[in-house]
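These notes are about the structure you will find just below.
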Amino acid sequence: MADFYKNILERWQNISTHRFFWPVFFAAGLAFSIVASAFDILDLYLQLILIYVGINIILTVSLNLVNGYMGEFSIGHAGFMAIGAYTASLLTVNVFPAGALNYLFPLAIIAGGVAASVIGLIVAIPSFKTRGDYLAIVTLAFGMIVKSGLENIEVIGGPRGFLGMSKLTTLPWVFFWTVLSVWIIRNLVYSKFGRGVLSIREDEIASDLMSVNTRQVKIIAFVVSSFFAGVAGGLFAHALQFINPRMFDIIKSTDILIMVYLGGIASIAGSIIGAVIYTILLEILRPLGIWRMVLMPLMLVLLMIYRPRGIMGMREARFFVPLRDLLAAKLWKQKNKEAPDASA
Amino acid sequence: MTYILQQILNALQLGSIYALIALGYTMVYGILTMINFAHGDLFMVGAFFCFLIAVYLQLPFLPTLMLTMFGVACLGVLIERMAYKPLRAAPRVSAIITALGVGLFLENFTLALSPYPKNIPPLLADKTWMIGSVTISSLQIIIIALSVSLMLILDFIVQRTKAGMAMRAISWDKTIVPLMGVPVNKIISLTFAIGTGLGGAAGMMYGLAYPVIDPYMGIMVGWKAFISAVVGGIGNVRGAMIGGFILGTVEILVAAFFPSTYRDFVAFTLLLILLIFRPYGILGRPSPQKV
């Protein structure tokens with residue numbers, strides 16, 4: 001029996017590292033999501049949950065870039081999400097012609113992402129002058145400033161919120177953006193730039209000495225992370241068709257943090273697992289009412305005590321790892337087997 | 001002029017509450033280099049303890065204060081023992097996440113038990129005096145006096161007693177000090193007890209000054225107190241007191257001269273500006289990184 005499972009696992013690993021795996025997966029997923037949303041295969045509730053899952057994956061993966069791979073601690077992700085949400089909504093409601101909305105929607109999402117990343121740059125430049133907990137404090141304050149600032153701008157509804165968006169976020173779009181952001185961040189992590197990001201987490205001074213421009217790498221990683229938070233915000237606004245500043249407060253940021261650390265730091269597969277489990281678990285536990293909100297943090301605490309690195313912490317599913325890295329790991333193992341002394 | 005004096009009095013009241021909570025943050029940070037994000041919610045629990053004691057036991061002011069502080073301190077030590085102690089060797093981030101989780105748990109647990117905001121009954125006969133044209137209420141005086149005396153007691157404990165010396169020693173060096181025979185676990189628990197006890201006292205005073213309490217009140221006040229601790233230089237006890245009063249003053253002044261909805265906005269923006277120019281806070285010292 002064990003053989004049987006091992007066989008399946010091996011076969012899955014072979015399939016998932018095949019070079020056609022990603023194109024086929026992308027095409028099949030896109031086709032399924034188009035068909036599913038066009039012919040009502042999935043009911044609307046299920047579709048909405050899937051949309052939330054996708055948005056949460058984008059948020060989790062992008063926050064994992066800063067908190068997991070780079071080892072910094074940012075707690076203002078919901079603030080960037082809010083900027084993306086408001087920018088995209090303002091564009092689709094007030095600027096773009098109503099007839100062409102379906103075609104201009106990706107532009108609005110990108111604009112939301114760009115707005116968020118510009119703000120991310122403004123936040124990043126001063127906050128990476130120092131290290132340690134100060135990024136946590138600065139991003140925390142930033143989140144509060146965004147919420148409080150949005151509440152004071154009457155033109156976009158103030159504390160009452162902003163509405164009038166049409167339901168542009170459909171399942172295919174969410175699938176597209178989710179895969180795109182996962183793909184970009186995965187490639188970023190395994191690029192030369194990504195090595196710099198990892199080296200900052202391991203030892204900032206050492207990586208500085210190895211000629212990594214740590215400040216620049218940190219700022220770029222932070223800006224990329226906030227870009228995708230903005231994208232997620234734009235999608236979120238057009239899925240819910242209503243946003244208000246309180247949706248993007250510290251509780252939302254905590255939610256994203258929970259997903260990152262539940263799935264595991266420095267792991268894209270982990271982020272996806274974390275976002276999927278957390279979103280779906282929250283829906284399943286809905287009948288418990290308020291007690292579900294008691295149960296979730298309790299689970300988080302227990303998880304941190306008994307498995308502090310999360311489900312996939314510091315590990316990666318094979319199909320996210322480039323072939324050259326797999327090969328290098330394999331060679332490393334072999335070398336260590338042959339000459340155990342050399343491993344030290 | 002009277003308006004400004006009145007506002008300064010309000011600022012002192014709010015500032016002393018912030019300072020009391022900020023002390024809890026800064027003490028725990030000093031000794032464990034961990035941001036105890038559940039501290040704001042312990043403040044909220046303090047307000048609810050005060051409500052329970054005042055309504056069901058109907059004790060007078062001082063016993064209520066004692067019981068509240070004692071109850072919250074016990075809860076703080078319990079949390080430290082159950083949630084933070086197993087993580088002392090783990091990466092620092094795990095402890096921070098756990099603290100966020102504990103905070104959410106306290107909020108939602110309280111919300112599940114008491115879904116509606118509660119009113120704390122007045123524990124003190126409220127008298128007001130007029131000095132010139134400035135109105136002073138007895139509650140304001142008691143809050144300010146009590147906070148300041150609690151802070152003086154704390155300062156005495158930290159600077160002059162053996163336990164305080166042990167606390168400062170542990171925050172100075174965590175590897176050598178245990179070898180000198182300092183009971184680290186006991187001192188950490190004591191730190192948590194004192195810090196959360198002060199937070200509980202702050203919760204009670206906040207509840208008396210602004211009587212409607214709800215399970216989420218700890219979030220905003222807690223974050224602001226945390227910011228006070230940072231402004232003063234986190235890990236520095238006197239800095240936390242100064243930071244609390246600064247933030248209280250800034251907030252009240254903003255509310256006095258601008259629409260009050262701008263209060264959080266200006267407070268946090270000032271924090272950011274301060275952090276850019278003086279990232280280690282007012283009394284904090286930059287610690288050089290050792291290689």
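Every chain in the structure tokens has a letter given in the order shown (A, B, ...), and although residue numbers restart at 1 in each chain, ligands are simply numbered from 1 in the order shown.
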Practice prompt. Return as a PyMOL selection string the residues belonging to chain B that are within 6 Å of chain A, counting only C-alpha atoms.
Written response: chain B and resi 98+101+104-105+108-109+112+265+268+276
Fill in: Residue contacts of B:Gln140 (10 Å, only C-alpha atoms) excluding same-chain residues fewer than 6 positions away, as a ChimeraX atom specification
/B:9-10,12-14,126,128,146,205,208-209
Worksheet entry | Nearby residues (only C-alpha atoms) at most 8 Å from B:Arg238, same-chain spacing under 6 positions excluded, as a ChimeraX atom specification | /B:155,232,283
Please give the complete set of residues from stretch 177-330 of chain A that DSSP, run on the backbone, assigns to alpha helix (DSSP H), formatted as a tab-separated table (two decimals) with N, CA and C atoms, in the first residue's frame.
```tsv
chain	number	residue	atom	x	y	z
A	177	TRP	N	-5.17	36.83	-12.39
A	177	TRP	CA	-4.32	37.68	-11.55
A	177	TRP	C	-3.59	36.86	-10.50
A	178	THR	N	-4.28	35.83	-9.97
A	178	THR	CA	-3.64	35.02	-8.95
A	178	THR	C	-2.43	34.30	-9.53
A	179	VAL	N	-2.65	33.65	-10.68
A	179	VAL	CA	-1.53	32.92	-11.29
A	179	VAL	C	-0.42	33.89	-11.66
A	180	LEU	N	-0.81	35.05	-12.19
A	180	LEU	CA	0.21	36.02	-12.59
A	180	LEU	C	1.05	36.45	-11.39
A	181	SER	N	0.40	36.77	-10.28
A	181	SER	CA	1.19	37.27	-9.15
A	181	SER	C	2.03	36.15	-8.56
A	182	VAL	N	1.48	34.94	-8.48
A	182	VAL	CA	2.28	33.83	-7.96
A	182	VAL	C	3.48	33.60	-8.86
A	183	TRP	N	3.24	33.66	-10.17
A	183	TRP	CA	4.31	33.42	-11.13
A	183	TRP	C	5.41	34.47	-11.00
A	184	ILE	N	4.99	35.75	-10.94
A	184	ILE	CA	5.99	36.82	-10.87
A	184	ILE	C	6.79	36.70	-9.58
A	185	ILE	N	6.10	36.48	-8.47
A	185	ILE	CA	6.84	36.46	-7.21
A	185	ILE	C	7.72	35.23	-7.12
A	186	ARG	N	7.25	34.12	-7.67
A	186	ARG	CA	8.09	32.93	-7.68
A	186	ARG	C	9.35	33.17	-8.50
A	187	ASN	N	9.20	33.78	-9.66
A	187	ASN	CA	10.37	34.06	-10.49
A	187	ASN	C	11.31	35.05	-9.83
A	188	LEU	N	10.71	36.01	-9.14
A	188	LEU	CA	11.51	37.01	-8.43
A	188	LEU	C	12.35	36.34	-7.35
A	189	VAL	N	11.73	35.41	-6.63
A	189	VAL	CA	12.42	34.78	-5.51
A	189	VAL	C	13.58	33.92	-6.01
A	192	LYS	N	18.32	36.31	-9.39
A	192	LYS	CA	19.48	36.86	-8.68
A	192	LYS	C	19.02	37.84	-7.59
A	193	PHE	N	18.02	38.64	-7.97
A	193	PHE	CA	17.47	39.57	-7.00
A	193	PHE	C	16.94	38.84	-5.77
A	194	GLY	N	16.24	37.70	-6.04
A	194	GLY	CA	15.68	36.92	-4.95
A	194	GLY	C	16.74	36.38	-4.01
A	195	ARG	N	17.90	36.01	-4.57
A	195	ARG	CA	18.99	35.56	-3.70
A	195	ARG	C	19.38	36.66	-2.74
A	196	GLY	N	19.38	37.90	-3.27
A	196	GLY	CA	19.68	39.05	-2.41
A	196	GLY	C	18.67	39.16	-1.28
A	197	VAL	N	17.38	38.98	-1.63
A	197	VAL	CA	16.33	39.05	-0.62
A	197	VAL	C	16.57	38.01	0.47
A	198	LEU	N	16.86	36.78	0.04
A	198	LEU	CA	17.08	35.70	1.01
A	198	LEU	C	18.30	35.99	1.89
A	199	SER	N	19.33	36.56	1.26
A	199	SER	CA	20.55	36.78	2.03
A	199	SER	C	20.32	37.84	3.10
A	200	ILE	N	19.41	38.77	2.83
A	200	ILE	CA	19.11	39.78	3.85
A	200	ILE	C	18.47	39.12	5.07
A	201	ARG	N	17.61	38.13	4.81
A	201	ARG	CA	16.98	37.45	5.94
A	201	ARG	C	18.02	36.69	6.76
A	202	GLU	N	18.94	36.04	6.06
A	202	GLU	CA	19.90	35.21	6.79
A	202	GLU	C	20.88	36.05	7.58
A	204	GLU	N	22.06	40.27	7.36
A	204	GLU	CA	22.08	41.48	6.57
A	204	GLU	C	23.49	42.03	6.40
A	205	ILE	N	24.26	41.97	7.47
A	205	ILE	CA	25.60	42.55	7.38
A	205	ILE	C	26.46	41.74	6.43
A	206	ALA	N	26.35	40.41	6.54
A	206	ALA	CA	27.13	39.56	5.65
A	206	ALA	C	26.75	39.82	4.20
A	207	SER	N	25.46	39.96	3.93
A	207	SER	CA	25.07	40.15	2.54
A	207	SER	C	25.50	41.52	2.04
A	208	ASP	N	25.54	42.49	2.95
A	208	ASP	CA	26.08	43.80	2.59
A	208	ASP	C	27.53	43.65	2.15
A	209	LEU	N	28.27	42.86	2.92
A	209	LEU	CA	29.69	42.67	2.60
A	209	LEU	C	29.87	41.92	1.29
A	214	THR	N	21.74	46.16	0.01
A	214	THR	CA	20.61	45.71	0.83
A	214	THR	C	19.46	46.70	0.85
A	215	ARG	N	19.79	47.98	0.91
A	215	ARG	CA	18.72	48.96	1.02
A	215	ARG	C	17.86	48.94	-0.25
A	216	GLN	N	18.54	48.88	-1.40
A	216	GLN	CA	17.81	48.88	-2.66
A	216	GLN	C	16.96	47.62	-2.78
A	217	VAL	N	17.54	46.47	-2.44
A	217	VAL	CA	16.80	45.21	-2.54
A	217	VAL	C	15.57	45.25	-1.65
A	218	LYS	N	15.75	45.76	-0.43
A	218	LYS	CA	14.62	45.84	0.50
A	218	LYS	C	13.51	46.72	-0.07
A	219	ILE	N	13.92	47.88	-0.61
A	219	ILE	CA	12.91	48.81	-1.11
A	219	ILE	C	12.17	48.19	-2.29
A	220	ILE	N	12.92	47.55	-3.20
A	220	ILE	CA	12.24	46.97	-4.37
A	220	ILE	C	11.29	45.86	-3.93
A	221	ALA	N	11.74	44.99	-3.03
A	221	ALA	CA	10.86	43.91	-2.58
A	221	ALA	C	9.60	44.48	-1.94
A	222	PHE	N	9.77	45.53	-1.15
A	222	PHE	CA	8.62	46.13	-0.49
A	222	PHE	C	7.66	46.73	-1.50
A	223	VAL	N	8.22	47.38	-2.53
A	223	VAL	CA	7.37	48.01	-3.54
A	223	VAL	C	6.61	46.94	-4.33
A	224	VAL	N	7.29	45.86	-4.68
A	224	VAL	CA	6.60	44.78	-5.40
A	224	VAL	C	5.48	44.21	-4.55
A	225	SER	N	5.80	43.99	-3.29
A	225	SER	CA	4.79	43.45	-2.38
A	225	SER	C	3.58	44.38	-2.31
A	226	SER	N	3.82	45.69	-2.22
A	226	SER	CA	2.67	46.58	-2.10
A	226	SER	C	1.91	46.68	-3.42
A	227	PHE	N	2.63	46.51	-4.54
A	227	PHE	CA	1.93	46.50	-5.83
A	227	PHE	C	0.85	45.41	-5.84
A	228	PHE	N	1.24	44.19	-5.43
A	228	PHE	CA	0.26	43.11	-5.49
A	228	PHE	C	-0.83	43.26	-4.43
A	229	ALA	N	-0.49	43.90	-3.32
A	229	ALA	CA	-1.54	44.20	-2.36
A	229	ALA	C	-2.57	45.13	-3.00
A	230	GLY	N	-2.08	46.11	-3.78
A	230	GLY	CA	-2.99	47.02	-4.47
A	230	GLY	C	-3.85	46.29	-5.49
A	231	VAL	N	-3.23	45.36	-6.22
A	231	VAL	CA	-3.99	44.55	-7.19
A	231	VAL	C	-5.11	43.79	-6.47
A	232	ALA	N	-4.74	43.16	-5.35
A	232	ALA	CA	-5.74	42.41	-4.60
A	232	ALA	C	-6.86	43.32	-4.13
A	233	GLY	N	-6.46	44.55	-3.73
A	233	GLY	CA	-7.48	45.50	-3.28
A	233	GLY	C	-8.45	45.85	-4.39
A	234	GLY	N	-7.93	46.09	-5.61
A	234	GLY	CA	-8.80	46.40	-6.74
A	234	GLY	C	-9.77	45.27	-7.03
A	235	LEU	N	-9.26	44.05	-7.01
A	235	LEU	CA	-10.12	42.89	-7.25
A	235	LEU	C	-11.18	42.79	-6.16
A	236	PHE	N	-10.74	42.99	-4.92
A	236	PHE	CA	-11.65	42.89	-3.77
A	236	PHE	C	-12.79	43.90	-3.89
A	237	ALA	N	-12.44	45.14	-4.27
A	237	ALA	CA	-13.47	46.18	-4.36
A	237	ALA	C	-14.51	45.82	-5.41
A	238	HIS	N	-14.05	45.24	-6.54
A	238	HIS	CA	-15.01	44.95	-7.60
A	238	HIS	C	-15.68	43.61	-7.43
A	239	ALA	N	-15.25	42.84	-6.44
A	239	ALA	CA	-15.99	41.62	-6.11
A	239	ALA	C	-17.12	41.94	-5.15
A	240	LEU	N	-16.82	42.83	-4.20
A	240	LEU	CA	-17.80	43.16	-3.17
A	240	LEU	C	-18.71	44.30	-3.61
A	250	ILE	N	-6.64	47.22	10.98
A	250	ILE	CA	-5.59	46.34	11.49
A	250	ILE	C	-6.06	44.88	11.55
A	251	ILE	N	-7.37	44.67	11.67
A	251	ILE	CA	-7.87	43.29	11.76
A	251	ILE	C	-7.64	42.58	10.43
A	252	LYS	N	-7.84	43.33	9.33
A	252	LYS	CA	-7.58	42.75	8.02
A	252	LYS	C	-6.10	42.41	7.87
A	253	SER	N	-5.24	43.33	8.30
A	253	SER	CA	-3.80	43.06	8.23
A	253	SER	C	-3.46	41.81	9.03
A	254	THR	N	-4.06	41.68	10.19
A	254	THR	CA	-3.80	40.50	11.02
A	254	THR	C	-4.23	39.23	10.32
A	255	ASP	N	-5.38	39.31	9.65
A	255	ASP	CA	-5.85	38.16	8.86
A	255	ASP	C	-4.78	37.70	7.87
A	256	ILE	N	-4.21	38.67	7.16
A	256	ILE	CA	-3.21	38.32	6.15
A	256	ILE	C	-1.99	37.71	6.82
A	257	LEU	N	-1.60	38.30	7.94
A	257	LEU	CA	-0.46	37.75	8.68
A	257	LEU	C	-0.73	36.31	9.09
A	258	ILE	N	-1.93	36.05	9.57
A	258	ILE	CA	-2.27	34.68	10.00
A	258	ILE	C	-2.11	33.73	8.83
A	259	MET	N	-2.60	34.15	7.66
A	259	MET	CA	-2.49	33.26	6.50
A	259	MET	C	-1.03	32.99	6.15
A	260	VAL	N	-0.19	34.04	6.22
A	260	VAL	CA	1.23	33.85	5.90
A	260	VAL	C	1.85	32.85	6.86
A	261	TYR	N	1.64	33.06	8.15
A	261	TYR	CA	2.34	32.22	9.13
A	261	TYR	C	1.69	30.87	9.29
A	262	LEU	N	0.40	30.76	8.97
A	262	LEU	CA	-0.24	29.44	8.96
A	262	LEU	C	0.36	28.60	7.85
A	263	GLY	N	0.46	29.19	6.66
A	263	GLY	CA	1.01	28.44	5.54
A	263	GLY	C	2.50	28.20	5.69
A	268	ILE	N	6.06	29.58	-1.26
A	268	ILE	CA	4.92	30.00	-2.08
A	268	ILE	C	3.80	28.98	-1.95
A	269	ALA	N	4.16	27.70	-2.00
A	269	ALA	CA	3.15	26.67	-1.81
A	269	ALA	C	2.48	26.84	-0.46
A	270	GLY	N	3.29	27.17	0.55
A	270	GLY	CA	2.75	27.37	1.88
A	270	GLY	C	1.74	28.51	1.91
A	271	SER	N	2.08	29.62	1.23
A	271	SER	CA	1.16	30.76	1.22
A	271	SER	C	-0.17	30.36	0.58
A	272	ILE	N	-0.08	29.60	-0.50
A	272	ILE	CA	-1.32	29.20	-1.17
A	272	ILE	C	-2.12	28.30	-0.24
A	273	ILE	N	-1.45	27.34	0.38
A	273	ILE	CA	-2.16	26.44	1.29
A	273	ILE	C	-2.77	27.23	2.45
A	274	GLY	N	-1.96	28.14	3.00
A	274	GLY	CA	-2.45	28.94	4.12
A	274	GLY	C	-3.69	29.73	3.75
A	275	ALA	N	-3.64	30.42	2.58
A	275	ALA	CA	-4.78	31.24	2.17
A	275	ALA	C	-6.00	30.36	1.93
A	276	VAL	N	-5.82	29.23	1.27
A	276	VAL	CA	-6.96	28.36	0.96
A	276	VAL	C	-7.58	27.82	2.25
A	277	ILE	N	-6.72	27.28	3.13
A	277	ILE	CA	-7.25	26.68	4.36
A	277	ILE	C	-7.97	27.73	5.20
A	278	TYR	N	-7.32	28.88	5.37
A	278	TYR	CA	-7.90	29.90	6.25
A	278	TYR	C	-9.24	30.39	5.71
A	279	THR	N	-9.28	30.70	4.40
A	279	THR	CA	-10.52	31.23	3.83
A	279	THR	C	-11.64	30.20	3.92
A	280	ILE	N	-11.32	28.96	3.56
A	280	ILE	CA	-12.37	27.95	3.54
A	280	ILE	C	-12.80	27.57	4.96
A	281	LEU	N	-11.82	27.49	5.86
A	281	LEU	CA	-12.16	27.16	7.24
A	281	LEU	C	-13.09	28.21	7.84
A	282	LEU	N	-12.82	29.48	7.54
A	282	LEU	CA	-13.68	30.54	8.06
A	282	LEU	C	-15.10	30.36	7.54
A	283	GLU	N	-15.23	29.93	6.28
A	283	GLU	CA	-16.57	29.74	5.73
A	283	GLU	C	-17.25	28.53	6.36
A	284	ILE	N	-16.48	27.43	6.53
A	284	ILE	CA	-17.07	26.21	7.10
A	284	ILE	C	-17.54	26.46	8.52
A	290	ILE	N	-20.01	33.82	16.42
A	290	ILE	CA	-18.88	34.55	16.97
A	290	ILE	C	-17.81	33.61	17.50
A	291	TRP	N	-18.18	32.41	17.89
A	291	TRP	CA	-17.19	31.51	18.47
A	291	TRP	C	-16.13	31.10	17.46
A	292	ARG	N	-16.45	31.25	16.20
A	292	ARG	CA	-15.43	30.91	15.21
A	292	ARG	C	-14.29	31.91	15.30
A	293	MET	N	-14.62	33.16	15.62
A	293	MET	CA	-13.58	34.16	15.77
A	293	MET	C	-12.78	33.93	17.05
A	294	VAL	N	-13.33	33.14	17.97
A	294	VAL	CA	-12.56	32.78	19.16
A	294	VAL	C	-11.63	31.62	18.83
A	295	LEU	N	-12.16	30.71	18.02
A	295	LEU	CA	-11.42	29.49	17.69
A	295	LEU	C	-10.20	29.80	16.82
A	296	MET	N	-10.36	30.73	15.85
A	296	MET	CA	-9.28	30.97	14.90
A	296	MET	C	-7.99	31.45	15.58
A	297	PRO	N	-8.05	32.48	16.42
A	297	PRO	CA	-6.80	32.90	17.07
A	297	PRO	C	-6.22	31.82	17.97
A	298	LEU	N	-7.11	31.05	18.60
A	298	LEU	CA	-6.63	29.96	19.46
A	298	LEU	C	-5.82	28.97	18.63
A	299	MET	N	-6.35	28.67	17.43
A	299	MET	CA	-5.63	27.76	16.54
A	299	MET	C	-4.28	28.34	16.16
A	300	LEU	N	-4.28	29.65	15.90
A	300	LEU	CA	-3.02	30.30	15.52
A	300	LEU	C	-1.99	30.16	16.63
A	301	VAL	N	-2.43	30.39	17.87
A	301	VAL	CA	-1.49	30.31	18.99
A	301	VAL	C	-0.96	28.89	19.14
A	302	LEU	N	-1.86	27.91	19.06
A	302	LEU	CA	-1.42	26.52	19.19
A	302	LEU	C	-0.46	26.16	18.06
A	303	LEU	N	-0.80	26.65	16.86
A	303	LEU	CA	0.07	26.37	15.71
A	303	LEU	C	1.47	26.93	15.94
A	304	MET	N	1.51	28.16	16.46
A	304	MET	CA	2.80	28.81	16.67
A	304	MET	C	3.61	28.05	17.73
A	305	ILE	N	2.92	27.51	18.74
A	305	ILE	CA	3.66	26.83	19.81
A	305	ILE	C	4.15	25.47	19.33
A	306	TYR	N	3.28	24.74	18.62
A	306	TYR	CA	3.65	23.37	18.28
A	306	TYR	C	4.27	23.25	16.89
A	323	LEU	N	14.22	23.90	-12.15
A	323	LEU	CA	14.92	22.62	-12.32
A	323	LEU	C	16.37	22.72	-11.87
A	324	ARG	N	17.01	23.83	-12.20
A	324	ARG	CA	18.44	23.93	-11.84
A	324	ARG	C	18.62	23.83	-10.33
A	325	ASP	N	17.66	24.41	-9.56
A	325	ASP	CA	17.78	24.35	-8.10
A	325	ASP	C	17.56	22.93	-7.60
A	326	LEU	N	16.58	22.24	-8.23
A	326	LEU	CA	16.35	20.85	-7.85
A	326	LEU	C	17.61	20.02	-8.08
A	327	LEU	N	18.18	20.26	-9.23
A	327	LEU	CA	19.38	19.52	-9.60
A	327	LEU	C	20.51	19.81	-8.62
A	328	ALA	N	20.66	21.09	-8.30
A	328	ALA	CA	21.73	21.46	-7.38
A	328	ALA	C	21.53	20.78	-6.03
A	329	ALA	N	20.28	20.75	-5.56
A	329	ALA	CA	20.00	20.12	-4.27
A	329	ALA	C	20.34	18.64	-4.32
A	330	LYS	N	20.00	18.03	-5.47
A	330	LYS	CA	20.26	16.60	-5.62
A	330	LYS	C	21.76	16.32	-5.58
```
Practice prompt. Could you give me the residues within stretch 31-237 of chain B that DSSP places in strand (DSSP E), as a list in words?
Written response: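 Answer for stretch 31-237 of chain B restricted to strand (DSSP E) is Lys118, Asn119, Thr128, Trp129, Met130, Ile131, Val134, Thr135, Ile136, Ser137, Val212 and Ile213 of chain B.
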Fill in: All residues 9 Å or closer to stretch 8-22 of chain A, only C-alpha atoms, same chain fewer than 2 positions away omitted, as an NGL selection string
:A and (3-6 or 24-27 or 318-323)
Item to complete: Give the answer as one residue: which of B:Leu67, B:Val134, B:Leu123, B:Leu253 has the shortest atom-to-atom distance to B:Val55, using only C-alpha atoms?
Response: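 Distance minimum relative to B:Val55 lands on B:Leu123.
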Worksheet item: B:Leu275: which residues within 8 Å, counting only C-alpha atoms, same-chain residues fewer than 4 positions away excluded, as an MDAnalysis selection string?
Response: (chainID A and resid 138) or (chainID B and resid 231 271 279:281)
Could those residues be written to a file, using C-alpha atoms, as a CSV table (one decimal), in the first residue's frame?
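Result saved to selection_17.csv:
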```csv
chain,number,residue,atom,x,y,z
A,138,VAL,CA,6.1,52.4,10.6
B,231,VAL,CA,8.1,57.7,20.8
B,271,LEU,CA,4.9,59.5,14.9
B,279,PRO,CA,14.2,56.3,15.0
B,280,TYR,CA,15.2,55.2,18.5
B,281,GLY,CA,12.7,57.5,20.3
```
